[in-house]
Amino acid sequence: MAKRECGAVREMKKIFLFRDYPFAIGIPAIIFQMLFFYLPLAILVVGSFIAFGEEGRLQGFTLEKLLFFMRAPYFKVIGYSLLLASGNALLCFLIAYPLAYYLAFRGKRIKNILLFLLIVPFWTNFLLHVYAWFFVLERQGFLNIFLQKLGLIHEPIAFLNSLFSVMVMMVYYYLPFMVLPIYSSLEKFDTRLIEASYDLGASWRQTMKKVLLPLSSRSIKTGFFLVYIPSFGEFAIPELMGGDRQMFVGSVVAHYILGDTTGSLGAAFTLISCCALIISATIWFKLIDYLLKRCVK
Amino acid sequence: MRSIQLKKLKKTLQGEVIVDTIDLKIPSGKFFALLGPSGCGKTTLLRLIAGLEQADSGQIFLGDRDITGIPIHERPINMVFQNYALFPHLTVFENVAYSLKLKKMPPATIKSVVQKILEAFNLENHLYKLPHQLSGGQQQRVALARAIVDEPEVLLLDEPLAALDFKLRERMLIELIELQDKLKTTFIYVTHDQFEALTVADQMAIMNLDGQIEQIGTPKEIYEFPTSSFVAKFVGTTNILSGSLTNLETDPYIDIPQLGRFKVHIPQRKDWMKEGCPVIMSIRPEKIFISKKEVQNFSNVLKGTVHSIVYHGRSTQYNVMLPNKTRLQVFEQNEEHFTQEVIDYDNEVYLYWQKENAVLLEK
């Protein structure tokens, strides 16, 4: 009996803990984040600046590892990764916005079916997607056969192992990350604002430019960075679809981290590419803001 | 300022008739109110005129120009939306300048025009605020300014004051009337609030739940001479008594079971008026005189007991139980601080009215 009461008291205490210190509810998440994100990140940053001697003895502070990557081939790798990420995010946006618009305003009865079709690929294995695209893009693949049947080409084109196949796979894989945030914001968009714009003499195009785009700017940015950030470090898709034509950040990091003695070089390169990502993302953020503001003017 | 004419306009949504073959002429430069209960299709009618909806059949004329097929952004008709629909990402100035910018006016002209109109609406201190930083009444005025700044031929107002409190609404109504007087633009005002409609309108139309127009006329005509029981009941409050019409040729009266005979006034003989036909009589509560004493010079009298009393300030409402167990409402103006005759609960009272003040309607 006494024990039971004790339990109840403990129960009460817990409740008061959450009521009086609302952040207490976040403690598990904070601990998780500390252990598995901030701690490794700190190790990575520190590791980039510390030199190890023979047998793993500490030798003190060094910039050597960072300077090792201050060379043209590595700049090129980062540059290409930025281009890949930007291209992917832009292409996804160009496809996703009209799609989300259609889903939100014109979808009507088939809306849920289309949304379902958009999500379904996530349920199957990633490698399966890659192999499916192999079948489409290979020399005797659907795309070549189709283009030959149309008489547009005579010799099959080598689509695979090119920047083209990487881009196709990237857009294919990342599209839903752009569509869903934009769709969810357009879906609850106050259509009276669109009507008011028409009523005041704006055409459909002017309304898109002056009302819909600026007012969905937050979701555009969300979608853009949901695509941009992971595609900058994307490893699997360029490896599988790109052959060995061009190295991207992901491949270089993997190469060094997985090497026997080059782990800390991998850390340094990760740090450099992270900085490049943060700077480029900030520029994109400002640019998108600027462009959307210009729309209104 | 041009007139709007609707010819056999019809609109169905998902198989349900919303606007049923309406013929309506809205005179130019007038304040026109469209009054009807919620869900009667009055907003749809307004949206048809604005071009936000396409009619199934029928035509809409602006002056003598058929605008039925003209897209919304090319119609010189603007609308003030319910809840305003101000662009939340634009400042007050940009909201009002929206239509002028689309017309490619030079920026200097836009600036002076917008500033002038915002001054007229007492908004000159809020030019660079965003809509959510304004009060309801200010947002309302921005919406109005935005809708009239490019001088439309017709201004549509869709329950524009519904979100405001009573005092503010009364003031805005007066402002609207003055604005219309100044601009001479044709205003079409949609509301379910009879007080608003009666206050603002030069002309008004009553719509019923079947999407048809019941009656068109001035507020006074609508209130004093309703042509159907729907209008009589919907506009203002009224007492409805049903009986049969008798002695039509000489001295007509209405015979009401258990209550007796009451003289009626027939200014114009209608086709449906036949000897002995069932009719209803509508008497406005303020047209009835209540007293405990017997008074001579009234054409009709009824006896009843006071069932309840509601004090409204400027008037007092008496609910009087009649011998046939129906209740009659009576409004009495509170003209004096101390009334000579105090009427209390359960008092036996006489109700008097002149036969000219009751309206006979087809049952």
# chains A, B, ... in the order shown; residues from 1 in each chain; ligands from 1
$ residues_around --residues "Gln115 in chain B" --least-positions-apart "6" --cutoff "9 Å" --atoms "only C-alpha atoms" --output "list in words"
Phe93, Leu123, Glu124 and Leu127 of chain B
$ residues_around --residues "range 270-273 of chain A" --least-positions-apart "4" --cutoff "10 Å" --atoms "only C-alpha atoms" --output "ChimeraX atom specification"
/A:41,44-45,47-48,66,69-70,74-75,77-79,81-82,232-233,249-250,252-254,256-257,264-266,277-279
$ select_by_dssp --residues "range 45-121 of chain B" --states "strand (DSSP E or B)" --output "ChimeraX atom specification"
/B:57-62,65-66,77-81,84
$ interface_residues --of "chain B" --to "chain A" --cutoff "6 Å" --atoms "only C-alpha atoms" --output "list in words"
Ile72, His73, Asn78, Ala85 and Ser99 of chain B
$ atom_distance --atom1 "CA of Leu144 in chain B" --atom2 "CA of Lys25 in chain B"
24.1 Å
$ residues_around --residues "Leu130 in chain B" --least-positions-apart "5" --cutoff "9 Å" --atoms "only C-alpha atoms" --output "JSON, numbers by chain"
{"B": [87, 88, 89, 90, 91, 92]}
$ write_last_selection --atoms "C-alpha atoms" --output "mmCIF file, in the first residue's frame"
data_model
loop_
_atom_site.group_PDB
_atom_site.id
_atom_site.type_symbol
_atom_site.label_atom_id
_atom_site.label_comp_id
_atom_site.auth_asym_id
_atom_site.auth_seq_id
_atom_site.Cartn_x
_atom_site.Cartn_y
_atom_site.Cartn_z
ATOM 1 C CA PHE B 87 -2.649 41.272 -49.328
ATOM 2 C CA PRO B 88 -0.790 40.399 -46.119
ATOM 3 C CA HIS B 89 2.675 40.834 -47.650
ATOM 4 C CA LEU B 90 1.987 44.362 -48.904
ATOM 5 C CA THR B 91 1.836 47.587 -46.939
ATOM 6 C CA VAL B 92 -1.292 49.702 -46.804
#
$ residues_around --residues "Glu275 in chain B" --least-positions-apart "3" --cutoff "8 Å" --atoms "only C-alpha atoms" --output "number ranges by chain"
B: 245-248
$ residues_around --residues "Ala232 in chain B" --least-positions-apart "5" --cutoff "10 Å" --atoms "only C-alpha atoms" --output "VMD selection string"
chain B and resid 222 to 227 237 to 240 281 to 284 359 361
$ write_last_selection --atoms "N, CA and C atoms" --output "PDB file, in the first residue's frame"
ATOM      1  N   ILE B 222     -40.379  48.413 -49.046  1.00  0.00           N
ATOM      2  CA  ILE B 222     -40.163  47.033 -48.601  1.00  0.00           C
ATOM      3  C   ILE B 222     -40.687  46.862 -47.178  1.00  0.00           C
ATOM      4  N   TYR B 223     -40.417  47.832 -46.335  1.00  0.00           N
ATOM      5  CA  TYR B 223     -40.774  47.687 -44.924  1.00  0.00           C
ATOM      6  C   TYR B 223     -42.263  47.879 -44.705  1.00  0.00           C
ATOM      7  N   GLU B 224     -42.814  48.910 -45.337  1.00  0.00           N
ATOM      8  CA  GLU B 224     -44.218  49.232 -45.069  1.00  0.00           C
ATOM      9  C   GLU B 224     -45.184  48.408 -45.909  1.00  0.00           C
ATOM     10  N   PHE B 225     -44.760  48.078 -47.117  1.00  0.00           N
ATOM     11  CA  PHE B 225     -45.686  47.366 -48.006  1.00  0.00           C
ATOM     12  C   PHE B 225     -45.082  46.092 -48.569  1.00  0.00           C
ATOM     13  N   PRO B 226     -44.770  45.146 -47.715  1.00  0.00           N
ATOM     14  CA  PRO B 226     -44.244  43.880 -48.241  1.00  0.00           C
ATOM     15  C   PRO B 226     -45.302  43.204 -49.099  1.00  0.00           C
ATOM     16  N   THR B 227     -44.869  42.537 -50.162  1.00  0.00           N
ATOM     17  CA  THR B 227     -45.844  41.899 -51.043  1.00  0.00           C
ATOM     18  C   THR B 227     -45.969  40.409 -50.769  1.00  0.00           C
ATOM     19  N   THR B 237     -39.541  42.999 -37.732  1.00  0.00           N
ATOM     20  CA  THR B 237     -40.339  41.988 -37.036  1.00  0.00           C
ATOM     21  C   THR B 237     -41.788  42.311 -37.311  1.00  0.00           C
ATOM     22  N   THR B 238     -42.600  41.290 -37.332  1.00  0.00           N
ATOM     23  CA  THR B 238     -44.002  41.530 -37.606  1.00  0.00           C
ATOM     24  C   THR B 238     -44.854  40.477 -36.914  1.00  0.00           C
ATOM     25  N   ASN B 239     -46.128  40.790 -36.806  1.00  0.00           N
ATOM     26  CA  ASN B 239     -47.087  39.835 -36.265  1.00  0.00           C
ATOM     27  C   ASN B 239     -47.922  39.317 -37.421  1.00  0.00           C
ATOM     28  N   ILE B 240     -48.043  38.019 -37.505  1.00  0.00           N
ATOM     29  CA  ILE B 240     -48.804  37.418 -38.589  1.00  0.00           C
ATOM     30  C   ILE B 240     -50.064  36.783 -37.999  1.00  0.00           C
ATOM     31  N   MET B 281     -52.586  38.498 -42.309  1.00  0.00           N
ATOM     32  CA  MET B 281     -52.468  39.921 -42.065  1.00  0.00           C
ATOM     33  C   MET B 281     -51.187  40.147 -41.277  1.00  0.00           C
ATOM     34  N   SER B 282     -50.412  41.118 -41.754  1.00  0.00           N
ATOM     35  CA  SER B 282     -49.151  41.416 -41.073  1.00  0.00           C
ATOM     36  C   SER B 282     -49.239  42.794 -40.437  1.00  0.00           C
ATOM     37  N   ILE B 283     -48.975  42.867 -39.138  1.00  0.00           N
ATOM     38  CA  ILE B 283     -48.963  44.165 -38.445  1.00  0.00           C
ATOM     39  C   ILE B 283     -47.627  44.308 -37.743  1.00  0.00           C
ATOM     40  N   ARG B 284     -46.937  45.406 -38.034  1.00  0.00           N
ATOM     41  CA  ARG B 284     -45.657  45.681 -37.372  1.00  0.00           C
ATOM     42  C   ARG B 284     -45.909  45.987 -35.894  1.00  0.00           C
ATOM     43  N   VAL B 359     -51.099  45.024 -43.276  1.00  0.00           N
ATOM     44  CA  VAL B 359     -50.943  44.642 -44.686  1.00  0.00           C
ATOM     45  C   VAL B 359     -51.542  43.265 -44.894  1.00  0.00           C
ATOM     46  N   LEU B 361     -51.845  39.850 -47.039  1.00  0.00           N
ATOM     47  CA  LEU B 361     -50.986  39.071 -47.924  1.00  0.00           C
ATOM     48  C   LEU B 361     -51.649  37.755 -48.286  1.00  0.00           C
TER      49      LEU B 361
END
$ select_by_dssp --residues "range 46-183 of chain A" --states "helix (DSSP H, G or I)" --output "PDB file with C-alpha atoms, in the first residue's frame"
ATOM      1  CA  VAL A  46      38.994  19.560 -33.396  1.00  0.00           C
ATOM      2  CA  GLY A  47      40.365  16.659 -35.420  1.00  0.00           C
ATOM      3  CA  SER A  48      40.812  18.916 -38.416  1.00  0.00           C
ATOM      4  CA  PHE A  49      43.243  21.117 -36.502  1.00  0.00           C
ATOM      5  CA  GLU A  54      53.482   8.136 -35.111  1.00  0.00           C
ATOM      6  CA  GLU A  55      51.471   5.663 -33.073  1.00  0.00           C
ATOM      7  CA  GLY A  56      48.701   8.207 -32.725  1.00  0.00           C
ATOM      8  CA  GLU A  64      48.408  21.474 -42.618  1.00  0.00           C
ATOM      9  CA  LYS A  65      45.359  19.349 -43.203  1.00  0.00           C
ATOM     10  CA  LEU A  66      43.203  22.279 -44.245  1.00  0.00           C
ATOM     11  CA  LEU A  67      45.942  23.627 -46.471  1.00  0.00           C
ATOM     12  CA  PHE A  68      46.240  20.210 -48.102  1.00  0.00           C
ATOM     13  CA  ALA A  72      42.476  23.324 -57.669  1.00  0.00           C
ATOM     14  CA  PRO A  73      41.131  19.742 -57.933  1.00  0.00           C
ATOM     15  CA  TYR A  74      39.429  20.014 -54.563  1.00  0.00           C
ATOM     16  CA  PHE A  75      37.991  23.436 -55.340  1.00  0.00           C
ATOM     17  CA  LYS A  76      36.670  21.891 -58.498  1.00  0.00           C
ATOM     18  CA  VAL A  77      35.043  19.088 -56.515  1.00  0.00           C
ATOM     19  CA  ILE A  78      33.341  21.592 -54.218  1.00  0.00           C
ATOM     20  CA  GLY A  79      32.372  23.783 -57.162  1.00  0.00           C
ATOM     21  CA  TYR A  80      30.808  20.857 -59.004  1.00  0.00           C
ATOM     22  CA  SER A  81      28.941  19.814 -55.889  1.00  0.00           C
ATOM     23  CA  LEU A  82      27.555  23.321 -55.504  1.00  0.00           C
ATOM     24  CA  LEU A  83      26.495  23.280 -59.150  1.00  0.00           C
ATOM     25  CA  LEU A  84      24.905  19.858 -58.720  1.00  0.00           C
ATOM     26  CA  ALA A  85      22.997  20.970 -55.631  1.00  0.00           C
ATOM     27  CA  SER A  86      21.910  24.291 -57.164  1.00  0.00           C
ATOM     28  CA  GLY A  87      20.906  22.657 -60.445  1.00  0.00           C
ATOM     29  CA  ASN A  88      18.994  19.972 -58.641  1.00  0.00           C
ATOM     30  CA  ALA A  89      17.188  22.422 -56.353  1.00  0.00           C
ATOM     31  CA  LEU A  90      16.306  24.703 -59.268  1.00  0.00           C
ATOM     32  CA  LEU A  91      15.061  21.884 -61.482  1.00  0.00           C
ATOM     33  CA  CYS A  92      13.042  20.444 -58.610  1.00  0.00           C
ATOM     34  CA  PHE A  93      11.514  23.867 -57.975  1.00  0.00           C
ATOM     35  CA  LEU A  94      10.606  24.375 -61.624  1.00  0.00           C
ATOM     36  CA  ILE A  95       8.872  21.002 -61.742  1.00  0.00           C
ATOM     37  CA  ALA A  96       7.473  21.034 -58.196  1.00  0.00           C
ATOM     38  CA  TYR A  97       5.802  24.447 -58.149  1.00  0.00           C
ATOM     39  CA  PRO A  98       3.437  23.868 -61.078  1.00  0.00           C
ATOM     40  CA  LEU A  99       2.791  20.362 -59.789  1.00  0.00           C
ATOM     41  CA  ALA A 100       1.992  21.613 -56.287  1.00  0.00           C
ATOM     42  CA  TYR A 101      -0.174  24.362 -57.800  1.00  0.00           C
ATOM     43  CA  TYR A 102      -2.090  21.820 -59.805  1.00  0.00           C
ATOM     44  CA  LEU A 103      -2.513  19.522 -56.812  1.00  0.00           C
ATOM     45  CA  ALA A 104      -3.664  22.330 -54.537  1.00  0.00           C
ATOM     46  CA  PHE A 105      -6.031  24.231 -56.828  1.00  0.00           C
ATOM     47  CA  ARG A 106      -6.987  21.997 -59.730  1.00  0.00           C
ATOM     48  CA  LYS A 108     -10.061  18.051 -57.028  1.00  0.00           C
ATOM     49  CA  ARG A 109     -10.934  14.351 -56.942  1.00  0.00           C
ATOM     50  CA  ILE A 110      -7.664  12.943 -58.246  1.00  0.00           C
ATOM     51  CA  LYS A 111      -5.684  15.045 -55.759  1.00  0.00           C
ATOM     52  CA  ASN A 112      -5.249  12.292 -53.196  1.00  0.00           C
ATOM     53  CA  ILE A 113      -4.343   9.736 -55.851  1.00  0.00           C
ATOM     54  CA  LEU A 114      -1.646  12.035 -57.218  1.00  0.00           C
ATOM     55  CA  LEU A 115      -0.273  12.699 -53.736  1.00  0.00           C
ATOM     56  CA  PHE A 116      -0.220   8.970 -53.119  1.00  0.00           C
ATOM     57  CA  LEU A 117       1.673   8.374 -56.365  1.00  0.00           C
ATOM     58  CA  LEU A 118       4.169  11.007 -55.305  1.00  0.00           C
ATOM     59  CA  ILE A 119       4.886   9.280 -51.999  1.00  0.00           C
ATOM     60  CA  VAL A 120       4.811   5.670 -53.199  1.00  0.00           C
ATOM     61  CA  PRO A 121       8.467   5.550 -54.421  1.00  0.00           C
ATOM     62  CA  PHE A 122       9.586   6.126 -50.842  1.00  0.00           C
ATOM     63  CA  TRP A 123       8.180   2.750 -49.916  1.00  0.00           C
ATOM     64  CA  PHE A 126      16.522   3.085 -53.092  1.00  0.00           C
ATOM     65  CA  LEU A 127      18.701   0.655 -55.045  1.00  0.00           C
ATOM     66  CA  LEU A 128      15.604  -0.577 -56.806  1.00  0.00           C
ATOM     67  CA  HIS A 129      15.050   2.950 -58.142  1.00  0.00           C
ATOM     68  CA  VAL A 130      18.604   3.093 -59.376  1.00  0.00           C
ATOM     69  CA  TYR A 131      18.304  -0.190 -61.234  1.00  0.00           C
ATOM     70  CA  ALA A 132      14.969   0.837 -62.652  1.00  0.00           C
ATOM     71  CA  TRP A 133      16.644   3.915 -64.070  1.00  0.00           C
ATOM     72  CA  PHE A 134      19.416   1.744 -65.483  1.00  0.00           C
ATOM     73  CA  PHE A 135      16.778  -0.054 -67.504  1.00  0.00           C
ATOM     74  CA  VAL A 136      15.399   3.214 -68.749  1.00  0.00           C
ATOM     75  CA  LEU A 137      18.689   4.885 -69.601  1.00  0.00           C
ATOM     76  CA  PHE A 142      13.406   2.353 -72.975  1.00  0.00           C
ATOM     77  CA  LEU A 143      14.529   5.881 -73.650  1.00  0.00           C
ATOM     78  CA  ASN A 144      16.867   4.974 -76.485  1.00  0.00           C
ATOM     79  CA  ILE A 145      14.321   2.632 -78.061  1.00  0.00           C
ATOM     80  CA  PHE A 146      11.673   5.306 -77.750  1.00  0.00           C
ATOM     81  CA  LEU A 147      13.824   8.009 -79.344  1.00  0.00           C
ATOM     82  CA  GLN A 148      14.871   5.648 -82.136  1.00  0.00           C
ATOM     83  CA  LYS A 149      11.264   4.677 -82.810  1.00  0.00           C
ATOM     84  CA  LEU A 163      26.052  14.174 -65.635  1.00  0.00           C
ATOM     85  CA  PHE A 164      22.687  13.747 -67.325  1.00  0.00           C
ATOM     86  CA  SER A 165      21.905  10.453 -65.626  1.00  0.00           C
ATOM     87  CA  VAL A 166      23.065  11.855 -62.280  1.00  0.00           C
ATOM     88  CA  MET A 167      20.759  14.832 -62.701  1.00  0.00           C
ATOM     89  CA  VAL A 168      17.786  12.673 -63.720  1.00  0.00           C
ATOM     90  CA  MET A 169      18.195  10.473 -60.673  1.00  0.00           C
ATOM     91  CA  MET A 170      18.743  13.432 -58.364  1.00  0.00           C
ATOM     92  CA  VAL A 171      15.604  15.227 -59.520  1.00  0.00           C
ATOM     93  CA  TYR A 172      13.647  11.999 -59.440  1.00  0.00           C
ATOM     94  CA  TYR A 173      14.706  11.265 -55.895  1.00  0.00           C
ATOM     95  CA  TYR A 174      14.455  14.760 -54.387  1.00  0.00           C
ATOM     96  CA  LEU A 175      11.303  16.025 -56.093  1.00  0.00           C
ATOM     97  CA  PRO A 176       8.859  15.071 -53.305  1.00  0.00           C
ATOM     98  CA  PHE A 177      10.917  17.058 -50.791  1.00  0.00           C
ATOM     99  CA  MET A 178      10.138  20.153 -52.825  1.00  0.00           C
ATOM    100  CA  VAL A 179       6.556  19.311 -53.767  1.00  0.00           C
ATOM    101  CA  LEU A 180       5.247  18.510 -50.296  1.00  0.00           C
ATOM    102  CA  PRO A 181       6.092  21.758 -48.456  1.00  0.00           C
ATOM    103  CA  ILE A 182       4.924  23.885 -51.374  1.00  0.00           C
ATOM    104  CA  TYR A 183       1.759  21.845 -51.744  1.00  0.00           C
TER     105      TYR A 183
END
$ atom_distance --atom1 "CA of Glu332 in chain B" --atom2 "CA of Gln317 in chain B"
6.5 Å
$ residues_around --residues "Asn83 in chain B" --least-positions-apart "2" --cutoff "12 Å" --atoms "only C-alpha atoms" --output "count of residues only"
27
$ residues_around --residues "Ala205 in chain B" --least-positions-apart "6" --cutoff "7 Å" --atoms "only C-alpha atoms" --output "list of chain:residue names"
B:Ala33, B:Leu34, B:Leu35, B:Ile213, B:Gln215, B:Ile216, B:Gly217
$ closest_residue --among "B:Lys233, B:Arg146, B:Arg261, B:Arg169" --to "Lys355 in chain B" --atoms "only C-alpha atoms"
B:Arg261
$ closest_residue --among "B:Ser291, B:Thr21, B:Asn334, B:Asn297" --to "Asp210 in chain B" --atoms "only C-alpha atoms"
B:Thr21
$ closest_residue --among "B:Ser244, B:Ile67, B:His337, B:Gly36" --to "Ala197 in chain B" --atoms "only C-alpha atoms"
B:Gly36
